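S.K.: Shown below is the structure under consideration.
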2 protein chains.
Amino acid sequence: MTDTKQQMKLGAFLFNFGHHYAAWRYPGTRAERLIDMDFYRQVARTAERGRMDMLFLADSSSVPHIQDTATDVSFLYPESTSVLGALSSITEHIGLAATVSTTFNEPYNLARRFATLDHLSGGRTAWNVVTGTKEAEARNFNRDTMLEHGLRYARAQEFLDVVSSLWDSWEDEAVLFDKEAGVFADTKRIHPIHHKGASFSVEGPLNIPRSPQGRPVIIQAGTSESGQHLAARTAEVVFTACEDKAKAVAFYKQLKALLPQYGRDAGQLKIMPGLLTFIGRTEEEARQKQAEFNALVPPEIAVSYLSKLLNLDVSGYPLDEPLPELSMEGNTSRAHLIMEMSRQKNMTIRELGLHFAIARGHLVLCGTAEQIADQMEDWFASGACDGFNVMPPYLPGGLEEFVDQVIPVLQNRGLFRTEYTGRTLREHLGLDRPASRFTALAQT
Amino acid sequence: MTDTKQQMKLGAFLFNFGHHYAAWRYPGTRAERLIDMDFYRQVARTAERGRMDMLFLADSSSVPHIQDTATDVSFLYPESTSVLGALSSITEHIGLAATVSTTFNEPYNLARRFATLDHLSGGRTAWNVVTGTKEAEARNFNRDTMLEHGLRYARAQEFLDVVSSLWDSWEDEAVLFDKEAGVFADTKRIHPIHHKGASFSVEGPLNIPRSPQGRPVIIQAGTSESGQHLAARTAEVVFTACEDKAKAVAFYKQLKALLPQYGRDAGQLKIMPGLLTFIGRTEEEARQKQAEFNALVPPEIAVSYLSKLLNLDVSGYPLDEPLPELSMEGNTSRAHLIMEMSRQKNMTIRELGLHFAIARGHLVLCGTAEQIADQMEDWFASGACDGFNVMPPYLPGGLEEFVDQVIPVLQNRGLFRTEYTGRTLREHLGLDRPASRFTALAQT
């Protein structure tokens, strides 16, 4: 993997009709059917043509407010592992990442699902581990309120431990498949895991052999302190939201510095901020495109969306004045980010609403393909990231523009691969294939 | 769908390397890789070429005894909804059924998964609802022992109620998608379900619109009394194991007679027994093939397998004498079936072990394609079934033989379709598309 050391990693983050809040209204957005295999087929082929590292699928499990579905499609999530399955058989090279919450699932089910998908895809899967934050989600899973933050993270950590033990429960050499002698497996290389913890009791082993990657790649997005420690201990890709290069550099240094205390090498965790692009033949054309999108977000909708991101109703405050001081105790890191931006940049409620409707606080680059590549190169060279998770403002067109216009510039500069050289997602990302912990134990 | 009224329904039941216990050792079985997309691709194309109604995927979540994996692959189950996802994008017509247990899952997760797969496949999915019976499964999901039979069925019934309410929670006309006016959905047609029951509290609605079939097809296999009532209330396909035509006719009559008390029409539930075939150009050739398979099962392995099916260790009894009288209290319906057969046919332990190693108590037909078609026609015409769930003894060869040799005979007799006339699995099976219960409520 040495040849890819100085090259960036690129994911294609798929979200409904695109990431801009009003993507579904954009005339260029394809929307004949809501959850459509032809759509996914087209998007997957485009990303694979661009030699991108992975397709990234978000997920969530509730409609927080039915009333909002009148104007807002951000609640809409096809179940991500199902989509991953459908993509696995129509792609050949690209990695496939699905988001699943540890709060309302069982580790044995999830370990089996990802191991199966890793087998079917020939070693191209990743699991984006989330813990969920929405109260409405809790109410779909036998609870009145969401688990408190600390409990969610403790459960997530235990969940991850169980899942990776299960992935390891068959050593790589366990299957013998000796038809002649009638011996299928070497039973000494298949291990119960005997897990008994605060949230789970799981006997094991998994009932399928170890998958091509050994363990599917682990992705996380948490930026809170417990999120960073969970990531330093277990994540191999961290997906972040950051608009400011200096802050991104500081976060990159801070997180990579945590790795040694968990016995890990800094190269074994890739940090990939989200990136939303408006691409034009001229800078002016790109700005016009962005303005067209923004015109599709009426001010009251922008404010209602801002209220959702803030977990606070701000619709009663004057639209063209800054946010008042509000109690942010116990709120999400995104809510804190919004409040901080409001203060630092002295933005009005209208401006904030529109700003976050574009990309929810992710980096937005607007310009020609060359200009966008310049900025990406600058972040990459400055140690702000190992690559980007590309968030097309609309789909499939926005991804096609990125692949056909920006990626060739990056390739010409030697910043991105021109052909797939690896077979598995781990190989694309330059991540080691872990040995089974049971094999490791046997060797010590 | 009137043209299919007198035609049988045919599923292709995929199980590892085939259904014969020793399929993995058969020289004609493809086994280079264990969980292999090329294998599924080949099998799916074969079944679709045969115009079969559906591919049927079993599932289970444990390795009951690690020691057994040395000689027995029956524990091995790729997670079925993942395989269904992968098949959805490489097939066009055939239905796709996956098995998932209600005992160790959450209804909101499962409702989303099947609705997503129904969207992606254009309305071709079915859920085979099982409750699980294995103690080893319980130990992978935070329990020491399995839930008692009655509790499992009560939970299954509640689970099914919640899932179908969630599938109905978006009425068919809820999505407006008016880009111009910026109106996505008609919020009056999206409904919370407010479910609070003994096992689940689920607020709803689902966060994806109603799927092409309205509700994926419901399959069940329970033949116990509570199983039959659950089926009469909710199942649209019942998968059975029966070797005896007279018994099959009696079961068919009994189950269909239960439907009216649940307000259902007898045509809205299809009964499909499992069928395992050994096909030869002559009867002699077919018998030789069956003997070749059986020779791959050493007697001690057959007895060990029999012990598993009986949930009782019978390895201490003489191999060539009948089973002694054993306490069968609380045992499975399959265990009772084995004990009954042992008594009625005066079979020895060796004979019983071998008999059940072939097809676990399902109908076995051995002969030329014409002879097999004769028997199938006889069962169908006698009111023993609405079709069959075909269980190839080995894969993919056994399915290819069935599709290329038996199906053409059935087609020539007008007993099976020569082209797909429907688009969804419901249409293949002649099942009505249910209206959302909320739409029905609004109209009364």
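Lettering and numbering for the structure tokens are positional, with chains as A, B, ... in the shown order, residues counted from 1 in each chain, and ligands counted from 1 in the shown order.
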I'd like the neighbourhood of stretch 376-393 of chain B as a list in words, where a residue qualifies if any of its atoms comes within 6 Å (using only C-alpha atoms), though same-chain residues fewer than 2 positions away should be ignored.

M.R.: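 Selected residues are Met8, Lys9, Leu10, Gly11, Ala12, Phe13, Gly18, His19, His20, Ala248, Val249, Tyr252, Lys270, Ile271, Met272, Pro273, Gly274, Leu275, Leu276, Ala373, Asp374, Gly398 and Leu399 of chain B.
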
S.K.: Store the residues picked out above, limited to C-alpha atoms, as a short mmCIF file (atom, residue, chain, number, x, y, z; two decimals), in the first residue's frame.

M.R.:
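The result, written out as again_11.cif:
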```cif
data_model
loop_
_atom_site.label_atom_id
_atom_site.label_comp_id
_atom_site.auth_asym_id
_atom_site.auth_seq_id
_atom_site.Cartn_x
_atom_site.Cartn_y
_atom_site.Cartn_z
CA MET B 8 -48.89 -24.64 -9.04
CA LYS B 9 -46.51 -22.27 -7.20
CA LEU B 10 -42.83 -23.19 -7.02
CA GLY B 11 -40.21 -21.85 -4.65
CA ALA B 12 -36.48 -22.63 -4.78
CA PHE B 13 -35.27 -23.22 -1.23
CA GLY B 18 -27.94 -28.22 -0.89
CA HIS B 19 -30.44 -29.93 1.39
CA HIS B 20 -28.99 -33.41 1.60
CA ALA B 248 -50.96 -33.42 3.52
CA VAL B 249 -54.57 -33.37 2.26
CA TYR B 252 -54.48 -28.55 3.84
CA LYS B 270 -50.85 -20.90 -0.26
CA ILE B 271 -49.62 -24.16 1.21
CA MET B 272 -46.27 -25.30 -0.18
CA PRO B 273 -44.62 -28.47 1.18
CA GLY B 274 -40.89 -28.96 0.81
CA LEU B 275 -39.87 -31.32 -2.01
CA LEU B 276 -36.47 -32.90 -2.52
CA ALA B 373 -43.99 -34.45 -12.44
CA ASP B 374 -46.63 -37.22 -12.13
CA GLY B 398 -29.70 -30.01 -8.32
CA LEU B 399 -31.68 -26.86 -9.09
#
```

S.K.: From the DSSP assignment of the backbone, select every residue of stretch 330-388 of chain B that is strand (DSSP E), and format the answer as JSON, numbers by chain.

M.R.: {"B": [363, 364, 365, 366, 367, 387, 388]}

S.K.: Identify, with DSSP run on backbone atoms, the residues in stretch 16-95 of chain A assigned to helix (DSSP H, G or I), and express the list as a ChimeraX atom specification.

M.R.: /A:23-25,37-49,66-70,80-88

S.K.: My list of candidates is B:Leu120, B:Ile94, B:Leu415, B:Leu176. Which is closest to chain A when distances are computed with only C-alpha atoms?

M.R.: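 Checking each candidate against chain A, we get B:Leu120 as the closest.
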